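Read through the structure below, which is laid out as structure tokens, and then see the notes.
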Amino acid sequence: MKCENKDVVIVGGGPAGLAAAVKLHQLGVRDILVVEREKQPGGILRQCIHDGFGLTRFGETLSGPEYAQRFLSQAQQLGIEIVPDTTVLQVSGDRLVTTASRDGLAQYKAGAVVLAMGCRERTRGALAIPGERPTGVFTAGVAQAYMNLYNTMVGKRVVILGSGDIGLIMARRMTLEGAQVLGVYEIQPYANGLPRNIEQCLNDYHIPLHLSHTVTEIHGNARLTGVTVSAVDERCRPIPGTEERIDCDTLILSVGLLPENELSLDAGVLLDPRTRGAVVDQYMQTSVPGIFAAGNVLHVHDVVDFVSLEAEHLAEGVARYLAEGGLPRCESCVRAGAGVGHVLPHTVSGAEDVTLSLRVRTPMKNCVLEVRQDGRTVKKMKMRKALPAEMIQVPLKAEDLQEGADLEVSVQC
Amino acid sequence: MLRTYTCIICPNGCEITAKLENGEICDIEGALCPRGKEYVTQELTDPRRNIATSVLLEGGQLPLVSVRLSGPIPKDRIFDVMNAIRPLRLKAPVHVGQVALPNVLGLGVDVLVTKEVAVL
């Protein structure tokens, strides 16, 4: 088996991997390899043909494929090596990366490894919806791939379970292609997708959104013939007597995304049970020295621009790690306080600027975000609204921080 | 009359409350930037959307290629424009920014290819 040395091996050629590769090259790191399992780089953006990407990163609105192409063109111009159609089988704790392709197995000894594998969709199995097991039940991303990559329409009468952004986007996409989208059912009392997607994907097409409802049974032998939906109580338990049967041939699931971390676990990377992504310091370095993570493999993002920015920030950490043989110690923990679901990074040095990324647990209006260290307020921000669907970013200045004391972030009304 | 809008211009999705009199905005709050007011004004007079879809492709590595419009069109023309795009056929290779159909239905916007697809 061939074994080569590389300064950096990047696992995944989606938005995070491509942005990290381009930035690393700009920072003077030239010996880079991007490993991509699909035939074409670009990741999930290849099938996200709607517009609205790039406002933060490029100041204009682009479709997903165009957004990916910006980074891909740059990577190609810079001569960055991208190997498509190749799967990473293993990343070891000492940064030996094993890949498989039609050419066989290969190994790379990497100075640093960037984990950029993205995320997966939660499936029907994870929800344990009772009923038959007919065809016609798809996750939203799979339906999106069928329609936008393979030219295959998935159904005509559609029910959507879950109000995640991909489900909302698919409600509009299927309506434009002539399907009848009967409704979106969300178990929580609030929507999971971004407000602008509720507006332009559902309201524009008069597709109803039923909050505090879920699918409680699936009907059909060969093909789906219908679903039963029920209202749920405040603890998300179906309320007997509220069942309603809806005839449909397609059920789309948009019920959450899970970072894809099998390789990370193999490498000994410590995961956060809340984000299901790696525990990282402010340089995006995981618990294993020299292994870094950014993008949806680290925590699920709602806007790709922040994936790119995070990966570019990661690249700075990687370049510095390679140049200096290590990174400053990050010994102050960042904790999620009242109202906060999770916050990243998990540790900071206290000596340099850092941007925190967090999500609130429940929707709030007119609330106050506060970062405290050692009983002292480091930062206070008033917010008109805070939604679990929207990642909040909080830049902190080095001069406001101290070394050696933990931080806590809270969002309260 | 008070009306609330969810601005769709950027991911912030500002919830904007506008006080309207005779179809004119006399007071507006909730927008984080000036584009919020522009959006509400547009929604009042001439609501517009951009759309994205796909066009069949001959001889390419994919059976179809994604397209979008160069600018927004009146909301009530969305399905007309979909019908105008549907019969289009392109030949690979295609490139980002290539015009698949100029000035669709005379609305002053072009249908643009948004993906690089090489010959099979």
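FYI, nothing fancy with the structure tokens labels: chains A, B, ... in order, residues from 1 per chain, ligands from 1 as they appear.
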Which residues, written as JSON, numbers by chain, have at least one atom at most 7 Å from range 92-106 of chain B, with only C-alpha atoms counted and residues fewer than 3 positions away on the same chain left out? {"A": [66], "B": [57, 58, 59, 60, 109, 110, 111, 112, 113, 114, 115, 116, 117, 118, 119]}
Please produce an output containing all heavy atoms for each residue in the selection, written as an mmCIF file, in the first residue's frame.
data_model
loop_
_atom_site.group_PDB
_atom_site.id
_atom_site.type_symbol
_atom_site.label_atom_id
_atom_site.label_comp_id
_atom_site.auth_asym_id
_atom_site.auth_seq_id
_atom_site.Cartn_x
_atom_site.Cartn_y
_atom_site.Cartn_z
ATOM 1 N N GLU A 66 -23.529 27.452 -6.997
ATOM 2 C CA GLU A 66 -22.658 28.601 -7.297
ATOM 3 C C GLU A 66 -21.748 28.917 -6.120
ATOM 4 O O GLU A 66 -20.572 29.257 -6.289
ATOM 5 C CB GLU A 66 -23.509 29.843 -7.603
ATOM 6 C CG GLU A 66 -24.247 29.790 -8.913
ATOM 7 C CD GLU A 66 -25.257 30.922 -8.998
ATOM 8 O OE1 GLU A 66 -26.324 30.824 -8.356
ATOM 9 O OE2 GLU A 66 -24.981 31.908 -9.688
ATOM 10 N N LEU B 57 -30.560 18.135 -19.367
ATOM 11 C CA LEU B 57 -29.252 18.315 -19.974
ATOM 12 C C LEU B 57 -28.911 17.082 -20.805
ATOM 13 O O LEU B 57 -29.076 15.957 -20.348
ATOM 14 C CB LEU B 57 -28.222 18.490 -18.846
ATOM 15 C CG LEU B 57 -26.801 18.851 -19.228
ATOM 16 C CD1 LEU B 57 -26.754 20.223 -19.870
ATOM 17 C CD2 LEU B 57 -25.925 18.836 -17.985
ATOM 18 N N GLU B 58 -28.445 17.327 -22.027
ATOM 19 C CA GLU B 58 -28.045 16.196 -22.889
ATOM 20 C C GLU B 58 -26.541 16.005 -22.828
ATOM 21 O O GLU B 58 -25.786 16.977 -22.921
ATOM 22 C CB GLU B 58 -28.454 16.476 -24.343
ATOM 23 C CG GLU B 58 -29.937 16.298 -24.602
ATOM 24 C CD GLU B 58 -30.324 16.823 -25.982
ATOM 25 O OE1 GLU B 58 -29.464 16.818 -26.882
ATOM 26 O OE2 GLU B 58 -31.484 17.251 -26.124
ATOM 27 N N GLY B 59 -26.117 14.758 -22.677
ATOM 28 C CA GLY B 59 -24.695 14.419 -22.773
ATOM 29 C C GLY B 59 -23.842 14.871 -21.597
ATOM 30 O O GLY B 59 -22.617 14.940 -21.726
ATOM 31 N N GLY B 60 -24.468 15.171 -20.469
ATOM 32 C CA GLY B 60 -23.697 15.657 -19.328
ATOM 33 C C GLY B 60 -23.472 14.585 -18.275
ATOM 34 O O GLY B 60 -24.052 13.504 -18.331
ATOM 35 N N VAL B 109 -35.797 39.423 -16.836
ATOM 36 C CA VAL B 109 -34.772 38.639 -16.143
ATOM 37 C C VAL B 109 -34.425 37.413 -16.984
ATOM 38 O O VAL B 109 -35.243 36.926 -17.768
ATOM 39 C CB VAL B 109 -35.203 38.193 -14.720
ATOM 40 C CG1 VAL B 109 -35.529 39.387 -13.846
ATOM 41 C CG2 VAL B 109 -36.382 37.236 -14.779
ATOM 42 N N ASP B 110 -33.178 36.946 -16.818
ATOM 43 C CA ASP B 110 -32.701 35.779 -17.573
ATOM 44 C C ASP B 110 -32.729 34.535 -16.692
ATOM 45 O O ASP B 110 -32.625 34.632 -15.468
ATOM 46 C CB ASP B 110 -31.262 36.010 -18.041
ATOM 47 C CG ASP B 110 -31.130 37.238 -18.932
ATOM 48 O OD1 ASP B 110 -32.129 37.580 -19.600
ATOM 49 O OD2 ASP B 110 -30.048 37.850 -18.932
ATOM 50 N N VAL B 111 -32.831 33.380 -17.334
ATOM 51 C CA VAL B 111 -32.657 32.108 -16.629
ATOM 52 C C VAL B 111 -31.182 31.738 -16.748
ATOM 53 O O VAL B 111 -30.659 31.604 -17.860
ATOM 54 C CB VAL B 111 -33.538 31.002 -17.258
ATOM 55 C CG1 VAL B 111 -33.319 29.675 -16.534
ATOM 56 C CG2 VAL B 111 -35.011 31.405 -17.216
ATOM 57 N N LEU B 112 -30.520 31.623 -15.587
ATOM 58 C CA LEU B 112 -29.070 31.402 -15.567
ATOM 59 C C LEU B 112 -28.716 30.016 -15.055
ATOM 60 O O LEU B 112 -29.294 29.533 -14.077
ATOM 61 C CB LEU B 112 -28.398 32.426 -14.635
ATOM 62 C CG LEU B 112 -28.590 33.907 -14.939
ATOM 63 C CD1 LEU B 112 -27.932 34.744 -13.842
ATOM 64 C CD2 LEU B 112 -27.998 34.243 -16.305
ATOM 65 N N VAL B 113 -27.752 29.381 -15.700
ATOM 66 C CA VAL B 113 -27.206 28.111 -15.218
ATOM 67 C C VAL B 113 -26.413 28.382 -13.934
ATOM 68 O O VAL B 113 -25.704 29.381 -13.836
ATOM 69 C CB VAL B 113 -26.300 27.491 -16.307
ATOM 70 C CG1 VAL B 113 -25.474 26.340 -15.758
ATOM 71 C CG2 VAL B 113 -27.147 27.047 -17.490
ATOM 72 N N THR B 114 -26.547 27.482 -12.936
ATOM 73 C CA THR B 114 -25.846 27.713 -11.668
ATOM 74 C C THR B 114 -24.846 26.611 -11.329
ATOM 75 O O THR B 114 -24.325 26.568 -10.229
ATOM 76 C CB THR B 114 -26.854 27.855 -10.501
ATOM 77 O OG1 THR B 114 -27.629 26.651 -10.404
ATOM 78 C CG2 THR B 114 -27.777 29.030 -10.693
ATOM 79 N N LYS B 115 -24.608 25.700 -12.286
ATOM 80 C CA LYS B 115 -23.689 24.601 -11.971
ATOM 81 C C LYS B 115 -22.792 24.303 -13.163
ATOM 82 O O LYS B 115 -23.226 24.416 -14.305
ATOM 83 C CB LYS B 115 -24.505 23.358 -11.610
ATOM 84 C CG LYS B 115 -23.715 22.250 -10.927
ATOM 85 C CD LYS B 115 -24.562 21.029 -10.663
ATOM 86 C CE LYS B 115 -25.382 21.161 -9.387
ATOM 87 N NZ LYS B 115 -26.125 19.935 -9.061
ATOM 88 N N GLU B 116 -21.557 23.916 -12.874
ATOM 89 C CA GLU B 116 -20.654 23.437 -13.915
ATOM 90 C C GLU B 116 -20.958 21.958 -14.141
ATOM 91 O O GLU B 116 -20.880 21.168 -13.197
ATOM 92 C CB GLU B 116 -19.195 23.557 -13.452
ATOM 93 C CG GLU B 116 -18.710 24.974 -13.186
ATOM 94 C CD GLU B 116 -18.417 25.740 -14.458
ATOM 95 O OE1 GLU B 116 -17.798 25.168 -15.369
ATOM 96 O OE2 GLU B 116 -18.813 26.924 -14.544
ATOM 97 N N VAL B 117 -21.339 21.582 -15.341
ATOM 98 C CA VAL B 117 -21.491 20.148 -15.625
ATOM 99 C C VAL B 117 -20.703 19.833 -16.891
ATOM 100 O O VAL B 117 -20.931 20.431 -17.945
ATOM 101 C CB VAL B 117 -22.968 19.730 -15.802
ATOM 102 C CG1 VAL B 117 -23.063 18.206 -15.968
ATOM 103 C CG2 VAL B 117 -23.819 20.176 -14.627
ATOM 104 N N ALA B 118 -19.782 18.883 -16.763
ATOM 105 C CA ALA B 118 -18.910 18.508 -17.881
ATOM 106 C C ALA B 118 -19.601 17.469 -18.764
ATOM 107 O O ALA B 118 -20.621 16.905 -18.396
ATOM 108 C CB ALA B 118 -17.596 17.965 -17.338
ATOM 109 N N VAL B 119 -19.005 17.235 -19.929
ATOM 110 C CA VAL B 119 -19.492 16.201 -20.848
ATOM 111 C C VAL B 119 -19.225 14.831 -20.222
ATOM 112 O O VAL B 119 -18.198 14.623 -19.582
ATOM 113 C CB VAL B 119 -18.755 16.326 -22.212
ATOM 114 C CG1 VAL B 119 -19.144 15.190 -23.140
ATOM 115 C CG2 VAL B 119 -19.066 17.674 -22.833
#
Residues of chain B within 9 Å of chain A, using only C-alpha atoms, as number ranges by chain? B: 5-15, 30, 49-54, 56, 62-68, 75, 78-79, 82, 96-97, 114-116
Output of the above residues as an mmCIF file, in the first residue's frame, restricted to C-alpha atoms:
data_model
loop_
_atom_site.group_PDB
_atom_site.id
_atom_site.type_symbol
_atom_site.label_atom_id
_atom_site.label_comp_id
_atom_site.auth_asym_id
_atom_site.auth_seq_id
_atom_site.Cartn_x
_atom_site.Cartn_y
_atom_site.Cartn_z
ATOM 1 C CA TYR B 5 -43.817 40.802 7.961
ATOM 2 C CA THR B 6 -40.983 38.313 8.065
ATOM 3 C CA CYS B 7 -38.202 39.777 5.980
ATOM 4 C CA ILE B 8 -36.778 37.165 3.586
ATOM 5 C CA ILE B 9 -33.790 39.177 2.374
ATOM 6 C CA CYS B 10 -31.232 37.560 4.685
ATOM 7 C CA PRO B 11 -31.019 34.753 7.257
ATOM 8 C CA ASN B 12 -31.745 37.195 10.100
ATOM 9 C CA GLY B 13 -35.404 36.978 9.069
ATOM 10 C CA CYS B 14 -36.399 40.154 10.932
ATOM 11 C CA GLU B 15 -39.949 40.276 12.198
ATOM 12 C CA GLY B 30 -38.119 45.557 13.941
ATOM 13 C CA ARG B 49 -39.460 36.279 -5.612
ATOM 14 C CA ASN B 50 -36.551 34.577 -7.267
ATOM 15 C CA ILE B 51 -37.016 30.931 -8.175
ATOM 16 C CA ALA B 52 -34.657 28.030 -8.764
ATOM 17 C CA THR B 53 -35.316 24.857 -10.686
ATOM 18 C CA SER B 54 -33.571 22.478 -13.081
ATOM 19 C CA LEU B 56 -32.768 18.757 -18.700
ATOM 20 C CA LEU B 62 -25.756 14.744 -14.656
ATOM 21 C CA PRO B 63 -29.182 14.339 -16.328
ATOM 22 C CA LEU B 64 -30.105 17.904 -15.390
ATOM 23 C CA VAL B 65 -28.556 21.203 -14.420
ATOM 24 C CA SER B 66 -29.742 23.726 -11.855
ATOM 25 C CA VAL B 67 -30.871 27.204 -12.925
ATOM 26 C CA ARG B 68 -32.129 30.361 -11.227
ATOM 27 C CA LYS B 75 -44.951 36.478 -7.224
ATOM 28 C CA ILE B 78 -43.932 32.086 -10.614
ATOM 29 C CA PHE B 79 -45.863 29.207 -12.168
ATOM 30 C CA MET B 82 -41.843 27.486 -14.309
ATOM 31 C CA VAL B 96 -22.140 28.889 -14.155
ATOM 32 C CA GLY B 97 -23.688 32.136 -15.406
ATOM 33 C CA THR B 114 -25.846 27.713 -11.668
ATOM 34 C CA LYS B 115 -23.689 24.601 -11.971
ATOM 35 C CA GLU B 116 -20.654 23.437 -13.915
#
Using DSSP secondary structure from the backbone, list all alpha helix (DSSP H) positions within range 43-107 of chain B, as a list in words. Glu43, Leu44, Thr45, Ile78, Phe79, Asp80, Val81, Met82, Asn83, Ala84 and Ile85 of chain B
Taking 4 positions as the minimum chain separation for residues in the same chain, which residues sit within 10 Å of range 263-267 of chain A when counting only C-alpha atoms? Answer as a compact mmCIF listing (two decimals) with C-alpha atoms, in the first residue's frame.
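Resulting contents of part28.txt:
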# COMPACT_ATOMS: atom_id res chain seq x y z
CA VAL A 11 -11.62 14.68 5.20
CA VAL A 88 -11.62 7.69 4.26
CA LEU A 89 -11.76 4.39 6.13
CA GLN A 90 -9.86 5.42 9.21
CA VAL A 91 -8.13 8.31 10.91
CA SER A 92 -5.84 7.21 13.72
CA GLY A 93 -4.97 9.24 16.80
CA ASP A 94 -1.44 9.72 15.45
CA ARG A 95 -2.91 11.12 12.19
CA LEU A 96 -2.46 8.20 9.84
CA VAL A 97 -5.31 8.48 7.30
CA LEU A 115 -12.44 16.66 9.99
CA MET A 117 -17.44 15.25 7.04
CA LEU A 271 -17.57 14.29 21.53
CA GLY A 277 -19.70 16.94 17.44
CA ALA A 278 -16.15 17.15 18.76
CA THR A 286 -10.22 18.54 19.10
CA VAL A 288 -6.57 14.82 19.97
CA ILE A 291 -6.89 16.87 14.64
CA PHE A 292 -9.27 19.76 13.94
CA ALA A 293 -12.99 19.96 13.11
CA VAL A 297 -19.43 17.72 11.60
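Taking only C-alpha atoms into account, Val229 in chain A lies nearest to A:Pro130 out of the set A:Gly268, A:Gly155, A:Gly325, A:Pro130.
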Which residues in range 360-401 of chain A does DSSP call strand (DSSP E)? List them as a ChimeraX atom specification. /A:360,364-373,376-386,392-396
Just the selected residues (N, CA, C and O atoms), exported as an mmCIF file, in the first residue's frame, please.
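To be explicit, this is the file written out as out05.cif:
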data_model
loop_
_atom_site.group_PDB
_atom_site.id
_atom_site.type_symbol
_atom_site.label_atom_id
_atom_site.label_comp_id
_atom_site.auth_asym_id
_atom_site.auth_seq_id
_atom_site.Cartn_x
_atom_site.Cartn_y
_atom_site.Cartn_z
ATOM 1 N N VAL A 360 -30.070 28.871 21.553
ATOM 2 C CA VAL A 360 -30.936 28.897 22.737
ATOM 3 C C VAL A 360 -31.799 27.632 22.737
ATOM 4 O O VAL A 360 -31.975 26.980 21.712
ATOM 5 N N MET A 364 -37.312 32.939 22.393
ATOM 6 C CA MET A 364 -37.456 34.011 23.400
ATOM 7 C C MET A 364 -37.567 35.346 22.682
ATOM 8 O O MET A 364 -37.049 35.509 21.583
ATOM 9 N N LYS A 365 -38.254 36.282 23.349
ATOM 10 C CA LYS A 365 -38.357 37.638 22.801
ATOM 11 C C LYS A 365 -37.823 38.628 23.827
ATOM 12 O O LYS A 365 -37.953 38.411 25.028
ATOM 13 N N ASN A 366 -37.254 39.728 23.328
ATOM 14 C CA ASN A 366 -36.712 40.773 24.190
ATOM 15 C C ASN A 366 -35.903 40.196 25.346
ATOM 16 O O ASN A 366 -36.256 40.368 26.506
ATOM 17 N N CYS A 367 -34.850 39.491 24.998
ATOM 18 C CA CYS A 367 -34.046 38.823 26.013
ATOM 19 C C CYS A 367 -32.645 39.434 26.064
ATOM 20 O O CYS A 367 -32.284 40.275 25.244
ATOM 21 N N VAL A 368 -31.888 39.002 27.054
ATOM 22 C CA VAL A 368 -30.536 39.522 27.249
ATOM 23 C C VAL A 368 -29.549 38.365 27.246
ATOM 24 O O VAL A 368 -29.715 37.396 27.984
ATOM 25 N N LEU A 369 -28.542 38.479 26.396
ATOM 26 C CA LEU A 369 -27.464 37.492 26.386
ATOM 27 C C LEU A 369 -26.329 38.037 27.254
ATOM 28 O O LEU A 369 -25.940 39.197 27.122
ATOM 29 N N GLU A 370 -25.837 37.203 28.136
ATOM 30 C CA GLU A 370 -24.774 37.654 29.025
ATOM 31 C C GLU A 370 -23.656 36.616 29.092
ATOM 32 O O GLU A 370 -23.914 35.417 29.216
ATOM 33 N N VAL A 371 -22.419 37.084 28.953
ATOM 34 C CA VAL A 371 -21.261 36.209 29.137
ATOM 35 C C VAL A 371 -20.583 36.645 30.428
ATOM 36 O O VAL A 371 -20.240 37.827 30.583
ATOM 37 N N ARG A 372 -20.415 35.714 31.362
ATOM 38 C CA ARG A 372 -19.797 36.037 32.648
ATOM 39 C C ARG A 372 -18.548 35.196 32.864
ATOM 40 O O ARG A 372 -18.477 34.054 32.449
ATOM 41 N N GLN A 373 -17.566 35.824 33.491
ATOM 42 C CA GLN A 373 -16.343 35.116 33.848
ATOM 43 C C GLN A 373 -15.987 35.499 35.272
ATOM 44 O O GLN A 373 -15.848 36.690 35.570
ATOM 45 N N ARG A 376 -17.983 38.200 36.879
ATOM 46 C CA ARG A 376 -17.876 39.501 36.237
ATOM 47 C C ARG A 376 -18.529 39.407 34.846
ATOM 48 O O ARG A 376 -18.384 38.418 34.148
ATOM 49 N N THR A 377 -19.268 40.445 34.458
ATOM 50 C CA THR A 377 -19.886 40.433 33.131
ATOM 51 C C THR A 377 -18.866 40.824 32.077
ATOM 52 O O THR A 377 -18.284 41.911 32.131
ATOM 53 N N VAL A 378 -18.651 39.912 31.128
ATOM 54 C CA VAL A 378 -17.686 40.164 30.056
ATOM 55 C C VAL A 378 -18.387 40.834 28.883
ATOM 56 O O VAL A 378 -17.842 41.689 28.203
ATOM 57 N N LYS A 379 -19.635 40.402 28.644
ATOM 58 C CA LYS A 379 -20.382 40.930 27.512
ATOM 59 C C LYS A 379 -21.869 40.823 27.794
ATOM 60 O O LYS A 379 -22.326 39.847 28.387
ATOM 61 N N LYS A 380 -22.607 41.820 27.350
ATOM 62 C CA LYS A 380 -24.057 41.823 27.528
ATOM 63 C C LYS A 380 -24.665 42.332 26.231
ATOM 64 O O LYS A 380 -24.233 43.350 25.703
ATOM 65 N N MET A 381 -25.608 41.580 25.680
ATOM 66 C CA MET A 381 -26.257 41.990 24.430
ATOM 67 C C MET A 381 -27.760 41.879 24.591
ATOM 68 O O MET A 381 -28.254 40.864 25.059
ATOM 69 N N LYS A 382 -28.477 42.930 24.191
ATOM 70 C CA LYS A 382 -29.937 42.841 24.155
ATOM 71 C C LYS A 382 -30.343 42.257 22.811
ATOM 72 O O LYS A 382 -29.790 42.621 21.779
ATOM 73 N N MET A 383 -31.323 41.359 22.827
ATOM 74 C CA MET A 383 -31.790 40.778 21.568
ATOM 75 C C MET A 383 -33.307 40.852 21.498
ATOM 76 O O MET A 383 -33.992 40.518 22.454
ATOM 77 N N ARG A 384 -33.814 41.277 20.343
ATOM 78 C CA ARG A 384 -35.269 41.348 20.148
ATOM 79 C C ARG A 384 -35.874 39.965 20.147
ATOM 80 O O ARG A 384 -36.977 39.756 20.616
ATOM 81 N N LYS A 385 -35.154 39.020 19.541
ATOM 82 C CA LYS A 385 -35.641 37.633 19.540
ATOM 83 C C LYS A 385 -34.463 36.684 19.481
ATOM 84 O O LYS A 385 -33.381 37.032 19.009
ATOM 85 N N ALA A 386 -34.671 35.491 20.011
ATOM 86 C CA ALA A 386 -33.669 34.440 19.918
ATOM 87 C C ALA A 386 -34.424 33.144 19.657
ATOM 88 O O ALA A 386 -35.362 32.811 20.370
ATOM 89 N N ILE A 392 -26.431 31.826 17.188
ATOM 90 C CA ILE A 392 -26.045 33.174 17.606
ATOM 91 C C ILE A 392 -24.522 33.204 17.745
ATOM 92 O O ILE A 392 -23.928 32.289 18.311
ATOM 93 N N GLN A 393 -23.897 34.257 17.212
ATOM 94 C CA GLN A 393 -22.452 34.386 17.344
ATOM 95 C C GLN A 393 -22.124 35.604 18.193
ATOM 96 O O GLN A 393 -22.708 36.674 18.016
ATOM 97 N N VAL A 394 -21.193 35.404 19.117
ATOM 98 C CA VAL A 394 -20.835 36.462 20.067
ATOM 99 C C VAL A 394 -19.328 36.662 20.059
ATOM 100 O O VAL A 394 -18.582 35.832 20.577
ATOM 101 N N PRO A 395 -18.851 37.752 19.437
ATOM 102 C CA PRO A 395 -17.404 37.995 19.464
ATOM 103 C C PRO A 395 -16.970 38.559 20.821
ATOM 104 O O PRO A 395 -17.639 39.444 21.375
ATOM 105 N N LEU A 396 -15.877 38.008 21.353
ATOM 106 C CA LEU A 396 -15.331 38.507 22.619
ATOM 107 C C LEU A 396 -13.916 39.013 22.383
ATOM 108 O O LEU A 396 -13.145 38.401 21.637
#
Work out how far CA of His313 in chain A is from CA of Lys23 in chain A, in Å to one decimal. 8.6 Å
Pro134 in chain A: which residues within 9 Å, counting only C-alpha atoms, same-chain residues fewer than 6 positions away excluded, as a ChimeraX atom specification? /A:218-225
Those same residues - C-alpha atoms - I'd like them written as an mmCIF file, in the first residue's frame.
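Dumped everything to selection-v5.cif:
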data_model
loop_
_atom_site.group_PDB
_atom_site.id
_atom_site.type_symbol
_atom_site.label_atom_id
_atom_site.label_comp_id
_atom_site.auth_asym_id
_atom_site.auth_seq_id
_atom_site.Cartn_x
_atom_site.Cartn_y
_atom_site.Cartn_z
ATOM 1 C CA ILE A 218 -47.840 5.086 8.586
ATOM 2 C CA HIS A 219 -50.216 3.211 6.255
ATOM 3 C CA GLY A 220 -49.649 1.259 3.025
ATOM 4 C CA ASN A 221 -48.280 -2.060 1.872
ATOM 5 C CA ALA A 222 -46.152 -1.516 -1.228
ATOM 6 C CA ARG A 223 -46.495 2.275 -1.511
ATOM 7 C CA LEU A 224 -47.498 4.725 1.194
ATOM 8 C CA THR A 225 -51.266 5.344 1.105
#
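Residues within 6 Å of Ser163 in chain A, counting only C-alpha atoms and excluding same-chain residues fewer than 3 positions away, are A:Glu186, A:Ala191, A:Asn192, A:Gly193.
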Only N, CA and C atoms, please: the residues just picked out, written as a compact mmCIF listing (two decimals), in the first residue's frame.
# COMPACT_ATOMS: atom_id res chain seq x y z
N GLU A 186 -45.17 19.63 12.89
CA GLU A 186 -44.01 19.83 13.75
C GLU A 186 -44.41 19.48 15.19
N ALA A 191 -41.45 26.47 15.22
CA ALA A 191 -40.85 25.93 14.00
C ALA A 191 -39.35 25.74 14.20
N ASN A 192 -38.80 24.73 13.52
CA ASN A 192 -37.38 24.45 13.60
C ASN A 192 -36.57 25.16 12.53
N GLY A 193 -37.23 25.56 11.46
CA GLY A 193 -36.52 26.21 10.36
C GLY A 193 -36.44 27.72 10.56
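Between Thr41 in chain B and the candidates B:Ile28, B:Val55, B:Leu90, B:Met1, the tightest atom-to-atom separation, counting only C-alpha atoms, involves B:Ile28.
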